[in-house]
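Structure file upload_4.tsv with TSV, C-alpha atoms:
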```tsv
chain	number	residue	atom	x	y	z
A	7	MET	CA	0.00	0.00	0.00
A	8	ASN	CA	1.51	3.32	-0.92
A	9	PRO	CA	2.23	5.80	1.90
A	10	ARG	CA	-0.39	8.32	0.77
A	11	ARG	CA	-3.18	5.76	0.89
A	12	LYS	CA	-1.89	4.39	4.16
A	13	GLN	CA	-1.94	7.86	5.67
A	14	LYS	CA	-5.52	8.42	4.47
A	15	LEU	CA	-6.63	5.06	5.83
A	16	ILE	CA	-5.08	5.81	9.23
A	17	ALA	CA	-6.75	9.23	9.28
A	18	VAL	CA	-10.15	7.82	8.35
A	19	SER	CA	-9.99	4.97	10.87
A	20	SER	CA	-8.81	7.14	13.75
A	21	ILE	CA	-11.60	9.63	13.11
A	22	GLY	CA	-13.96	6.66	13.00
A	23	VAL	CA	-12.77	5.36	16.39
A	24	LEU	CA	-13.09	8.79	18.00
A	25	LEU	CA	-16.56	9.23	16.54
A	26	VAL	CA	-17.76	5.86	17.80
A	27	ALA	CA	-16.41	6.68	21.26
A	28	ALA	CA	-18.05	10.10	21.29
A	29	ILE	CA	-21.44	8.82	20.16
A	30	SER	CA	-21.36	5.91	22.60
A	31	PHE	CA	-20.65	8.23	25.53
A	32	MET	CA	-23.43	10.50	24.39
A	33	LEU	CA	-25.98	7.71	24.06
A	34	TYR	CA	-24.84	6.22	27.36
A	35	ALA	CA	-25.34	9.54	29.11
A	36	LEU	CA	-28.73	10.04	27.50
A	37	GLN	CA	-29.98	6.49	27.91
A	38	ASP	CA	-32.85	7.29	30.26
A	39	SER	CA	-34.12	10.13	28.08
A	40	ILE	CA	-34.13	7.98	24.96
A	41	ASP	CA	-36.53	5.44	26.47
A	42	VAL	CA	-39.93	6.25	25.11
A	43	PHE	CA	-41.77	5.13	28.25
A	44	TYR	CA	-41.42	4.18	31.90
A	45	THR	CA	-42.33	0.67	32.92
A	46	PRO	CA	-44.72	0.37	35.91
A	47	THR	CA	-41.81	-0.78	38.06
A	48	GLU	CA	-39.81	2.29	37.06
A	49	VAL	CA	-42.72	4.59	37.86
A	50	LEU	CA	-42.85	3.28	41.42
A	51	GLU	CA	-39.23	2.41	42.12
A	52	GLY	CA	-37.23	4.57	39.73
A	53	LYS	CA	-35.03	3.63	36.78
A	54	ALA	CA	-32.86	0.62	37.50
A	55	LYS	CA	-29.54	2.33	36.73
A	56	THR	CA	-30.01	5.91	37.85
A	57	GLY	CA	-32.85	5.61	40.33
A	58	GLN	CA	-34.54	8.51	38.55
A	59	LYS	CA	-38.19	8.51	39.59
A	60	PRO	CA	-41.08	10.47	38.09
A	61	VAL	CA	-42.68	13.05	40.37
A	62	ILE	CA	-46.42	13.47	40.88
A	63	GLY	CA	-47.83	15.85	38.31
A	64	GLN	CA	-45.25	14.89	35.70
A	65	ARG	CA	-46.34	14.15	32.15
A	66	LEU	CA	-45.00	10.80	31.11
A	67	ARG	CA	-45.50	7.69	29.05
A	68	ILE	CA	-45.97	4.32	30.66
A	69	GLY	CA	-45.62	0.98	28.92
A	70	GLY	CA	-46.67	-2.39	30.27
A	71	LEU	CA	-49.00	-5.34	29.89
A	72	VAL	CA	-52.70	-4.94	30.62
A	73	VAL	CA	-53.41	-7.06	33.69
A	74	PRO	CA	-56.11	-9.63	32.79
A	75	GLY	CA	-59.36	-8.92	34.59
A	76	SER	CA	-58.46	-5.35	35.46
A	77	VAL	CA	-60.23	-3.63	32.58
A	78	SER	CA	-63.38	-1.83	33.67
A	79	ARG	CA	-65.47	0.30	31.36
A	80	ASP	CA	-68.01	2.93	32.18
A	81	GLU	CA	-71.46	1.92	30.91
A	82	GLU	CA	-72.38	5.31	29.48
A	83	THR	CA	-69.15	6.97	28.42
A	84	LEU	CA	-65.89	5.96	26.81
A	85	ALA	CA	-64.11	6.10	30.14
A	86	VAL	CA	-62.03	3.04	30.87
A	87	SER	CA	-59.64	2.07	33.58
A	88	PHE	CA	-57.10	-0.74	33.61
A	89	ASP	CA	-53.93	-1.83	35.39
A	90	LEU	CA	-50.52	-2.15	33.77
A	91	MET	CA	-47.67	-4.27	35.02
A	92	ASP	CA	-44.34	-5.64	33.90
A	93	VAL	CA	-42.44	-7.73	36.44
A	94	GLY	CA	-43.31	-5.94	39.65
A	95	PRO	CA	-46.08	-3.71	40.95
A	96	LYS	CA	-49.16	-2.49	39.08
A	97	VAL	CA	-50.03	1.03	37.99
A	98	THR	CA	-53.61	2.03	37.21
A	99	VAL	CA	-54.38	3.99	34.06
A	100	GLN	CA	-57.61	5.93	33.52
A	101	PHE	CA	-58.49	6.98	30.02
A	102	ASN	CA	-61.42	8.62	28.32
A	103	GLY	CA	-61.40	7.95	24.60
A	104	SER	CA	-61.36	5.22	21.99
A	105	LEU	CA	-58.85	2.44	22.41
A	106	PRO	CA	-56.79	1.00	19.55
A	107	ASP	CA	-57.98	-2.23	17.92
A	108	LEU	CA	-55.15	-4.25	19.40
A	109	PHE	CA	-56.11	-3.31	22.96
A	110	ARG	CA	-56.95	-6.42	24.93
A	111	GLU	CA	-56.04	-8.07	28.21
A	112	GLY	CA	-52.44	-9.22	28.27
A	113	GLN	CA	-51.50	-6.85	25.46
A	114	GLY	CA	-48.57	-4.44	25.65
A	115	ILE	CA	-49.82	-0.86	25.93
A	116	VAL	CA	-48.13	2.52	25.92
A	117	ALA	CA	-50.15	5.32	27.52
A	118	THR	CA	-49.31	9.03	27.65
A	119	GLY	CA	-50.66	11.04	30.53
A	120	THR	CA	-50.08	12.71	33.86
A	121	LEU	CA	-49.01	10.95	37.01
A	122	THR	CA	-51.68	12.11	39.45
A	123	GLU	CA	-51.05	9.75	42.32
A	124	GLU	CA	-48.09	7.51	43.00
A	125	ASN	CA	-49.66	4.67	41.05
A	126	LEU	CA	-52.39	6.39	39.03
A	127	ILE	CA	-52.02	7.89	35.58
A	128	ILE	CA	-54.71	9.92	33.84
A	129	ALA	CA	-53.99	9.21	30.20
A	130	HIS	CA	-54.95	11.25	27.17
A	131	GLU	CA	-53.56	8.79	24.63
A	132	VAL	CA	-53.37	5.01	24.65
A	133	LEU	CA	-51.27	3.17	22.04
A	134	ALA	CA	-51.00	-0.56	21.49
A	135	LYS	CA	-47.65	-2.26	21.23
A	136	HIS	CA	-47.40	-5.56	19.44
A	137	ASP	CA	-44.61	-8.11	19.52
A	138	GLU	CA	-42.37	-9.26	16.73
A	139	GLU	CA	-44.12	-12.59	16.23
A	140	TYR	CA	-46.28	-13.17	13.20
A	141	MET	CA	-48.28	-16.34	12.64
A	142	PRO	CA	-51.60	-17.47	11.22
A	143	PRO	CA	-54.53	-17.70	13.70
A	144	GLU	CA	-54.66	-21.53	13.64
A	145	LEU	CA	-51.00	-21.77	14.59
A	146	ALA	CA	-51.42	-19.20	17.35
A	147	GLU	CA	-54.29	-21.18	18.80
A	148	GLN	CA	-52.28	-24.40	18.69
A	149	LEU	CA	-49.06	-22.89	19.97
A	150	LYS	CA	-50.14	-20.32	22.51
A	151	GLY	CA	-53.77	-21.14	23.13
A	152	ILE	CA	-54.66	-17.65	21.92
A	153	LYS	CA	-57.95	-17.46	20.15
A	154	HIS	CA	-58.26	-14.51	17.83
A	155	VAL	CA	-61.19	-12.40	18.92
A	156	LYS	CA	-62.31	-9.28	17.19
A	157	PRO	CA	-62.44	-6.36	19.63
A	158	GLU	CA	-66.23	-6.01	19.30
A	159	GLN	CA	-66.65	-9.63	20.43
A	160	ALA	CA	-64.20	-9.39	23.28
A	161	GLY	CA	-66.86	-8.60	25.84
A	162	TYR	CA	-65.19	-5.91	27.91
B	14	MET	CA	-6.40	-10.32	-7.56
B	15	TRP	CA	-5.78	-6.80	-6.21
B	16	LYS	CA	-4.81	-5.71	-9.67
B	17	TRP	CA	-8.06	-7.08	-11.06
B	18	ILE	CA	-10.12	-5.33	-8.40
B	19	ASN	CA	-8.18	-2.12	-8.92
B	20	SER	CA	-8.97	-2.20	-12.62
B	21	PHE	CA	-12.55	-1.18	-11.76
B	22	ALA	CA	-11.23	2.22	-10.76
B	23	LYS	CA	-11.24	2.86	-14.49
B	24	PRO	CA	-14.60	4.15	-15.71
B	25	GLU	CA	-14.61	2.06	-18.88
B	26	LYS	CA	-14.07	-1.13	-16.91
B	27	ALA	CA	-16.78	-0.17	-14.41
B	28	TYR	CA	-19.11	0.62	-17.30
B	29	TRP	CA	-18.46	-2.80	-18.77
B	30	LEU	CA	-19.28	-4.45	-15.43
B	31	CYS	CA	-22.53	-2.47	-15.18
B	32	ASP	CA	-23.46	-3.61	-18.67
B	33	VAL	CA	-22.85	-7.24	-17.78
B	34	LEU	CA	-24.80	-7.10	-14.52
B	35	GLN	CA	-27.71	-4.92	-15.58
B	36	ASN	CA	-29.90	-7.52	-17.24
B	37	TRP	CA	-29.33	-10.14	-14.54
B	38	PHE	CA	-30.43	-7.70	-11.89
B	39	ALA	CA	-33.43	-6.69	-13.98
B	40	VAL	CA	-34.61	-10.26	-14.46
B	41	VAL	CA	-34.15	-11.34	-10.83
B	42	ALA	CA	-35.73	-8.12	-9.53
B	43	THR	CA	-38.81	-8.36	-11.73
B	44	ALA	CA	-39.36	-12.05	-11.06
B	45	SER	CA	-38.90	-11.92	-7.29
B	46	LEU	CA	-40.87	-8.70	-6.83
B	47	VAL	CA	-43.83	-10.14	-8.73
B	48	ILE	CA	-43.69	-13.51	-6.95
B	49	GLY	CA	-42.95	-12.08	-3.51
B	50	ILE	CA	-45.58	-9.36	-3.55
B	51	VAL	CA	-48.36	-11.46	-5.08
B	52	TRP	CA	-47.60	-14.30	-2.66
B	53	GLY	CA	-47.28	-12.01	0.32
B	54	LEU	CA	-50.26	-9.78	-0.34
B	55	GLY	CA	-52.53	-12.38	-1.86
B	56	PHE	CA	-51.78	-15.84	-0.56
B	57	ALA	CA	-49.87	-15.73	2.73
B	58	PRO	CA	-52.14	-16.34	5.75
B	59	SER	CA	-53.27	-13.36	7.79
B	60	ASP	CA	-51.80	-12.71	11.21
B	61	TYR	CA	-53.44	-13.94	14.42
B	62	GLN	CA	-53.40	-10.49	15.99
B	63	GLN	CA	-53.22	-7.99	13.19
B	64	GLY	CA	-55.28	-9.73	10.53
B	65	ASP	CA	-54.56	-8.48	7.04
B	66	SER	CA	-52.90	-5.24	8.15
B	67	PHE	CA	-49.70	-7.12	8.83
B	68	ARG	CA	-49.19	-7.54	5.06
B	69	ILE	CA	-47.58	-4.10	4.98
B	70	ILE	CA	-44.59	-6.06	6.28
B	71	TYR	CA	-43.91	-7.22	2.71
B	72	ILE	CA	-43.09	-3.64	1.71
B	73	HIS	CA	-42.03	-2.18	5.04
B	74	VAL	CA	-39.39	-4.67	6.13
B	75	PRO	CA	-37.56	-5.02	2.77
B	76	SER	CA	-37.44	-1.25	2.29
B	77	ALA	CA	-36.20	-0.67	5.84
B	78	ILE	CA	-33.52	-3.36	5.72
B	79	LEU	CA	-32.30	-2.30	2.32
B	80	ALA	CA	-32.31	1.39	3.17
B	81	MET	CA	-29.67	0.42	5.72
B	82	GLY	CA	-27.94	-1.99	3.33
B	83	ALA	CA	-27.74	0.66	0.62
B	84	TYR	CA	-26.28	3.09	3.14
B	85	VAL	CA	-23.54	0.65	4.09
B	86	ALA	CA	-22.77	0.05	0.40
B	87	MET	CA	-22.63	3.81	-0.15
B	88	ALA	CA	-20.29	4.29	2.81
B	89	ILE	CA	-17.96	1.51	1.64
B	90	ALA	CA	-17.82	3.21	-1.76
B	91	ALA	CA	-17.02	6.50	-0.01
B	92	LEU	CA	-14.19	4.82	1.90
B	93	VAL	CA	-12.75	3.40	-1.32
B	94	GLY	CA	-13.07	6.82	-2.93
B	95	VAL	CA	-11.38	8.68	-0.10
B	96	VAL	CA	-8.59	6.21	0.66
B	97	TRP	CA	-7.89	4.54	-2.70
B	98	GLN	CA	-9.02	7.52	-4.74
B	99	TRP	CA	-11.17	5.66	-7.21
B	100	ARG	CA	-13.18	8.05	-9.32
B	101	THR	CA	-15.76	5.34	-9.94
B	102	ALA	CA	-16.31	4.91	-6.19
B	103	PHE	CA	-17.77	8.40	-5.87
B	104	MET	CA	-19.84	7.78	-8.98
B	105	PHE	CA	-21.30	4.71	-7.28
B	106	MET	CA	-21.87	6.66	-4.10
B	107	ILE	CA	-23.97	9.28	-5.80
B	108	ALA	CA	-25.70	6.67	-7.95
B	109	ILE	CA	-27.02	4.76	-4.94
B	110	ALA	CA	-27.71	7.71	-2.60
B	111	PRO	CA	-31.11	8.80	-4.01
B	112	VAL	CA	-32.20	5.16	-4.32
B	113	GLY	CA	-31.43	4.59	-0.66
B	114	ALA	CA	-33.15	7.82	0.29
B	115	VAL	CA	-36.32	6.69	-1.49
B	116	MET	CA	-36.16	3.31	0.28
B	117	THR	CA	-35.85	5.08	3.64
B	118	PHE	CA	-38.82	7.24	2.76
B	119	ILE	CA	-40.87	4.17	1.76
B	120	SER	CA	-40.03	2.47	5.05
B	121	LEU	CA	-41.09	5.54	7.06
B	122	PHE	CA	-44.23	6.01	4.99
B	123	THR	CA	-45.40	2.39	5.15
B	124	GLY	CA	-44.42	2.27	8.82
B	125	SER	CA	-46.64	5.24	9.46
B	126	PHE	CA	-49.56	3.64	7.66
B	127	TRP	CA	-48.99	0.45	9.63
B	128	GLY	CA	-48.66	2.31	12.91
B	129	LYS	CA	-51.94	4.17	12.63
B	130	PRO	CA	-54.30	1.14	12.64
B	131	MET	CA	-52.14	-1.08	14.87
B	132	TRP	CA	-50.50	1.17	17.44
B	133	GLY	CA	-53.00	3.99	17.15
B	134	THR	CA	-50.58	6.69	16.00
B	135	TRP	CA	-48.89	7.79	12.79
B	136	TRP	CA	-45.69	8.74	14.52
B	137	ILE	CA	-43.96	8.52	17.87
B	138	TRP	CA	-40.51	9.85	18.72
B	139	ASP	CA	-39.15	6.52	19.85
B	140	ALA	CA	-35.56	5.48	19.21
B	141	ARG	CA	-36.29	3.28	16.17
B	142	LEU	CA	-38.44	5.77	14.27
B	143	THR	CA	-36.22	8.72	15.09
B	144	SER	CA	-32.99	6.99	14.05
B	145	GLN	CA	-34.60	5.90	10.78
B	146	LEU	CA	-35.65	9.51	10.16
B	147	ILE	CA	-32.04	10.55	10.80
B	148	LEU	CA	-31.01	8.02	8.14
B	149	LEU	CA	-33.23	9.84	5.64
B	150	PHE	CA	-31.60	13.16	6.60
B	151	LEU	CA	-28.14	11.61	6.21
B	152	TYR	CA	-29.00	10.50	2.69
B	153	LEU	CA	-30.36	13.94	1.84
B	154	GLY	CA	-27.24	15.51	3.35
B	155	VAL	CA	-24.94	13.37	1.22
B	156	ILE	CA	-26.92	14.19	-1.93
B	157	SER	CA	-27.06	17.92	-1.30
B	158	LEU	CA	-23.41	18.13	-0.27
B	159	TYR	CA	-22.45	16.37	-3.49
B	160	THR	CA	-24.53	18.68	-5.66
B	161	ALA	CA	-23.23	21.79	-3.85
B	162	PHE	CA	-19.75	21.46	-5.37
B	163	GLU	CA	-18.91	22.31	-8.95
B	164	ASP	CA	-15.79	20.11	-8.97
B	165	LYS	CA	-17.14	16.56	-8.72
B	166	GLN	CA	-13.97	15.01	-7.25
B	167	GLN	CA	-14.09	17.58	-4.46
B	168	ALA	CA	-17.82	16.96	-4.10
B	169	GLY	CA	-17.20	13.23	-3.79
B	170	LYS	CA	-14.70	13.74	-0.98
B	171	ALA	CA	-16.96	16.04	1.02
B	172	ALA	CA	-20.06	13.89	0.60
B	173	GLY	CA	-17.94	10.77	1.17
B	174	VAL	CA	-16.83	11.96	4.59
B	175	MET	CA	-20.44	12.61	5.52
B	176	ALA	CA	-21.48	9.18	4.25
B	177	MET	CA	-18.77	7.51	6.35
B	178	VAL	CA	-19.60	9.46	9.49
B	179	GLY	CA	-23.27	8.52	9.12
B	180	VAL	CA	-22.52	4.80	9.22
B	181	ILE	CA	-22.60	5.04	13.01
B	182	ASN	CA	-26.36	5.41	12.71
B	183	ILE	CA	-26.78	1.91	11.21
B	184	PRO	CA	-26.05	-0.12	14.38
B	185	ILE	CA	-28.06	2.44	16.34
B	186	ILE	CA	-31.10	1.79	14.13
B	187	HIS	CA	-30.67	-1.95	14.37
B	188	PHE	CA	-30.16	-2.15	18.13
B	189	SER	CA	-32.48	0.74	19.06
B	190	VAL	CA	-35.26	-1.71	19.88
B	191	GLU	CA	-32.98	-3.63	22.25
B	192	TRP	CA	-31.13	-0.79	23.95
B	193	TRP	CA	-34.14	1.33	24.74
B	194	ASN	CA	-37.86	1.03	25.44
B	195	THR	CA	-39.60	1.67	22.15
B	196	LEU	CA	-43.11	1.41	20.79
B	197	HIS	CA	-41.65	-0.38	17.79
B	198	GLN	CA	-41.38	-4.12	18.33
B	199	GLY	CA	-38.11	-6.05	18.30
B	200	ALA	CA	-36.38	-7.69	15.35
B	201	THR	CA	-38.29	-10.50	13.66
B	202	ILE	CA	-35.94	-11.92	11.07
B	203	THR	CA	-32.53	-10.38	11.69
B	204	LYS	CA	-32.03	-11.93	15.08
B	205	ILE	CA	-29.92	-14.85	16.13
B	206	GLY	CA	-31.76	-18.14	16.04
B	207	LYS	CA	-35.14	-18.85	14.59
B	208	PRO	CA	-37.09	-15.97	13.03
B	209	SER	CA	-40.32	-15.29	14.92
B	210	ILE	CA	-42.54	-15.51	11.90
B	211	ALA	CA	-44.43	-18.53	10.58
B	212	LEU	CA	-42.71	-20.19	7.61
B	213	GLU	CA	-45.53	-19.61	5.14
B	214	MET	CA	-45.25	-15.88	5.91
B	215	TYR	CA	-41.46	-15.95	5.98
B	216	TRP	CA	-40.85	-17.23	2.44
B	217	PRO	CA	-42.65	-14.45	0.57
B	218	LEU	CA	-40.89	-11.95	2.85
B	219	LEU	CA	-37.48	-13.36	1.92
B	220	ILE	CA	-38.38	-13.26	-1.76
B	221	CYS	CA	-39.50	-9.66	-1.38
B	222	ILE	CA	-36.20	-8.77	0.26
B	223	VAL	CA	-34.29	-10.35	-2.64
B	224	GLY	CA	-36.57	-8.48	-5.04
B	225	PHE	CA	-36.00	-5.13	-3.34
B	226	ALA	CA	-32.23	-5.75	-3.17
B	227	THR	CA	-31.91	-6.57	-6.84
B	228	PHE	CA	-34.26	-3.74	-7.75
B	229	ILE	CA	-32.01	-1.29	-5.90
B	230	GLY	CA	-29.03	-2.86	-7.66
B	231	TRP	CA	-30.73	-2.50	-11.02
B	232	VAL	CA	-31.67	1.15	-10.58
B	233	THR	CA	-28.22	1.92	-9.18
B	234	ILE	CA	-26.52	0.27	-12.15
B	235	VAL	CA	-28.55	2.34	-14.63
B	236	ARG	CA	-27.80	5.52	-12.66
B	237	MET	CA	-24.14	4.57	-12.43
B	238	LYS	CA	-23.90	4.12	-16.19
B	239	ASN	CA	-25.39	7.57	-16.74
B	240	GLU	CA	-23.04	9.08	-14.19
B	241	ILE	CA	-19.99	7.51	-15.86
B	242	ILE	CA	-20.99	8.81	-19.29
B	243	MET	CA	-21.78	12.29	-17.98
B	244	ARG	CA	-18.44	12.58	-16.20
B	245	ASP	CA	-16.33	11.06	-18.96
B	246	LEU	CA	-18.04	12.71	-21.87
B	247	HIS	CA	-14.85	14.11	-23.31
B	248	ARG	CA	-12.75	10.99	-22.88
B	249	PRO	CA	-11.78	9.03	-25.95
B	250	TRP	CA	-13.26	5.71	-24.75
B	251	VAL	CA	-16.76	7.18	-24.68
B	252	ALA	CA	-16.41	8.55	-28.20
B	253	LYS	CA	-15.01	5.21	-29.33
B	254	ARG	CA	-17.86	3.29	-27.77
B	255	PHE	CA	-20.73	5.54	-28.75
B	256	GLY	CA	-19.13	7.47	-31.61
B	257	GLY	CA	-21.46	7.98	-34.53
B	258	LEU	CA	-24.40	6.40	-32.74
B	259	VAL	CA	-25.66	9.32	-30.72
B	260	ASP	CA	-24.56	12.86	-30.37
B	261	LEU	CA	-24.19	12.62	-26.63
B	262	GLU	CA	-22.58	15.95	-26.14
B	263	ALA	CA	-25.39	17.78	-27.87
B	264	ALA	CA	-27.95	15.84	-25.86
B	265	VAL	CA	-26.29	16.75	-22.57
B	266	ALA	CA	-25.85	20.39	-23.60
B	267	ASN	CA	-29.51	20.48	-24.52
B	268	GLU	CA	-30.53	19.10	-21.14
B	269	LYS	CA	-28.36	21.67	-19.35
B	270	ASP	CA	-30.02	24.46	-21.35
B	271	MET	CA	-33.41	23.22	-20.34
B	272	LYS	CA	-32.39	23.08	-16.68
B	273	GLY	CA	-30.88	26.55	-16.94
B	274	GLY	CA	-34.07	27.90	-18.46
B	275	GLN	CA	-36.26	26.81	-15.58
```
Can the structure from this file be put into structure tokens for me?
Amino acid sequence: MNPRRKQKLIAVSSIGVLLVAAISFMLYALQDSIDVFYTPTEVLEGKAKTGQKPVIGQRLRIGGLVVPGSVSRDEETLAVSFDLMDVGPKVTVQFNGSLPDLFREGQGIVATGTLTEENLIIAHEVLAKHDEEYMPPELAEQLKGIKHVKPEQAGY
Amino acid sequence: MWKWINSFAKPEKAYWLCDVLQNWFAVVATASLVIGIVWGLGFAPSDYQQGDSFRIIYIHVPSAILAMGAYVAMAIAALVGVVWQWRTAFMFMIAIAPVGAVMTFISLFTGSFWGKPMWGTWWIWDARLTSQLILLFLYLGVISLYTAFEDKQQAGKAAGVMAMVGVINIPIIHFSVEWWNTLHQGATITKIGKPSIALEMYWPLLICIVGFATFIGWVTIVRMKNEIIMRDLHRPWVAKRFGGLVDLEAAVANEKDMKGGQ
């Protein structure tokens, strides 16, 4: 390799190494802010690494699984309340609006709202999260015992 | 071996290679796009949770993966151009950049239209969506930096540095769903072990990915050929190859006039 090319290659790779280091430090420092939501455990106990805990009155997003049996709807209005959990404690979410089609018990949900009590969030937006698994309904029934139900037949 | 590879630094050799590859790419791209999309959209079973909406995957995933793939290819070309000073490397870089930008746009667009019915929102500033948007901006940056310079060798160097710097975004896009909490779900097919998609849905997806890849290759090859001719218009090999057939110079001058008139 001729010296000129070698010099260029060394310059390019050293800039590359510095850049990777700089970006990694930056992302490491920002890691908590890049998360799009708090998990219920983090809302109550703080982030695992930094212990950062949301304060009451803070606007935040929460993401967790809808606890089966916790969904209760108001008969007359669109108001709905349900519990979210991940591995630890539960947080209750109250919402007044239409839920996404994928909303069902056991489903991952991301809700945006205000933390009004330690474990109560008044949400103004509820989004559904789905996992990375795709399969036909028959296979899902066989494999996971999940029966595909249309939301209008779900009965809650 | 090195000598053979190095010979592609010459535009006429690169042009010859493009000529050889073009039709192969065209045939494979057409066949696999038709098969993959018809199979995926028409015959693959619907998903247990998302029903038929999940079929957007057959456009969304190939465009997203190959937007990243095209970026890596572009950055490798930039490296070759900067370090080994191949003129053809910068030509390839600018040939593939708009194609990759369009792929990135398609992935964002289809993702949005998938997100609305499934998640309930068109857009969320989570790590995956944001980093993919940054990828689009990187492509646009490379293109506009290249067009900002009159001297194309200089332009190639400037845009090349930007292309190389932007490569850092590729692992960030890929691992964003693992490193941070996101609304976007995790990787389905590019993870270690078994893909989490049923086989009868997986095959058309693979064929679509091949189709998108070869389609990008095809379009890039055609753009590359144009770029080579435009840049080497006054070189003897172009005159020798096309001499008498078309008055290229007049055609190009004409086009420039029309652009100038607008």
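With distances taken over all atoms listed in the file, B:Ile210 is the one residue among B:Ile210, B:Val180, B:Ile109, B:Met175 lying closest to Leu145 of chain A.
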Top pick for closest residue to chain A, considering B:Arg68, B:Lys26, B:His73, B:Arg248 and counting all atoms listed in the file: B:Arg68
At a cut-off of 9 Å, which residues of chain B touch chain A? Count all atoms listed in the file and give the answer as a ChimeraX atom specification. /B:57-64,67,92,95-98,130-134,137-140,174,177-178,181,192-202,208-214
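Between atom CA of Gly75 of chain A and atom CA of Lys129 of chain B the separation is 26.6 Å.
Among the candidate residues A:Ile127, A:Thr118, A:Ser78, A:Gln113, the one lying nearest to Val99 of chain A is A:Ile127, with distances computed using all atoms listed in the file.
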Find the axis-aligned box for segment 15-28 of chain A, covering all its listed atoms and adding 6 Å on each side, and write its centre and edge lengths in Å to one decimal as lines of an AutoDock Vina configuration file.
```
center_x = -11.6
center_y = 7.5
center_z = 13.6
size_x = 25.0
size_y = 17.1
size_z = 27.5
```
Would you mind telling me which residue in A:Leu71, A:Ala28, A:Leu66, A:Leu36 lies nearest to Thr122 of chain A when using all atoms listed in the file? A:Leu66
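You will find atom CA of Phe118 of chain B at 10.1 Å from atom CA of Phe150 of chain B.
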Can you tell me which residues surround segment 220-226 of chain B at a distance of at most 6 Å, considering all atoms listed in the file, apart from same-chain residues fewer than 2 positions away, and format the answer as a list in words? Ala42, Ser45, Leu46, Gly49, Pro75, Pro217, Leu218, Phe228 and Ile229 of chain B
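Shell of Gly179 of chain B at 10 Å, with all atoms listed in the file counted and residues fewer than 6 places along the chain excluded, is B:Tyr84, B:Val85, B:Ala88, B:Ile147, B:Leu148, B:Phe150, B:Leu151, B:Tyr152, B:Gly154, B:Val155, B:Gly173.
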When you draw a straight line from atom CA of Pro46 of chain A to atom CA of Val93 of chain A, how long is it in Å? 8.4 Å
Which residues, written as a list in words, have at least one atom at most 12 Å from Lys165 of chain B, with all atoms listed in the file counted and residues fewer than 2 positions away on the same chain left out? Arg100, Thr101, Ala102, Phe103, Met104, Met106, Ile107, Leu158, Tyr159, Thr160, Ala161, Phe162, Glu163, Gln167, Ala168, Gly169, Lys170, Ala171, Ala172, Gly173, Glu240, Ile241, Met243, Arg244 and Asp245 of chain B
Nearest to Phe101 of chain A, restricted to only C-alpha atoms and choosing among A:Gly57, A:Gly119, A:Leu50, A:Ala129, comes out as A:Ala129
Please list as a VMD selection string every residue within 12 Å of Thr98 of chain A, counting only C-alpha atoms and excluding residues in the same chain fewer than 5 positions away. chain A and resid 46 49 to 50 68 to 73 76 to 78 86 to 91 117 119 to 129
Requested write-out: C-alpha atoms of the selected residues, as a compact mmCIF listing (two decimals), in the coordinates of the input:
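New file part-v7.txt:
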```
# COMPACT_ATOMS: atom_id res chain seq x y z
CA PRO A 46 -44.72 0.37 35.91
CA VAL A 49 -42.72 4.59 37.86
CA LEU A 50 -42.85 3.28 41.42
CA ILE A 68 -45.97 4.32 30.66
CA GLY A 69 -45.62 0.98 28.92
CA GLY A 70 -46.67 -2.39 30.27
CA LEU A 71 -49.00 -5.34 29.89
CA VAL A 72 -52.70 -4.94 30.62
CA VAL A 73 -53.41 -7.06 33.69
CA SER A 76 -58.46 -5.35 35.46
CA VAL A 77 -60.23 -3.63 32.58
CA SER A 78 -63.38 -1.83 33.67
CA VAL A 86 -62.03 3.04 30.87
CA SER A 87 -59.64 2.07 33.58
CA PHE A 88 -57.10 -0.74 33.61
CA ASP A 89 -53.93 -1.83 35.39
CA LEU A 90 -50.52 -2.15 33.77
CA MET A 91 -47.67 -4.27 35.02
CA ALA A 117 -50.15 5.32 27.52
CA GLY A 119 -50.66 11.04 30.53
CA THR A 120 -50.08 12.71 33.86
CA LEU A 121 -49.01 10.95 37.01
CA THR A 122 -51.68 12.11 39.45
CA GLU A 123 -51.05 9.75 42.32
CA GLU A 124 -48.09 7.51 43.00
CA ASN A 125 -49.66 4.67 41.05
CA LEU A 126 -52.39 6.39 39.03
CA ILE A 127 -52.02 7.89 35.58
CA ILE A 128 -54.71 9.92 33.84
CA ALA A 129 -53.99 9.21 30.20
```
Extract segment 141-145 of chain A from the preceding block and save N, CA and C atoms as a short mmCIF file (atom, residue, chain, number, x, y, z; two decimals), in the first residue's frame.
```
data_model
loop_
_atom_site.label_atom_id
_atom_site.label_comp_id
_atom_site.auth_asym_id
_atom_site.auth_seq_id
_atom_site.Cartn_x
_atom_site.Cartn_y
_atom_site.Cartn_z
N MET A 141 -47.88 -14.97 12.96
CA MET A 141 -48.28 -16.34 12.64
C MET A 141 -49.76 -16.35 12.30
N PRO A 142 -50.18 -17.37 11.54
CA PRO A 142 -51.60 -17.47 11.22
C PRO A 142 -52.41 -17.83 12.47
N PRO A 143 -53.70 -17.48 12.51
CA PRO A 143 -54.53 -17.70 13.70
C PRO A 143 -54.54 -19.15 14.18
N GLU A 144 -54.57 -20.11 13.22
CA GLU A 144 -54.66 -21.53 13.64
C GLU A 144 -53.42 -21.91 14.43
N LEU A 145 -52.26 -21.44 13.93
CA LEU A 145 -51.00 -21.77 14.59
C LEU A 145 -50.95 -21.13 15.98
#
```
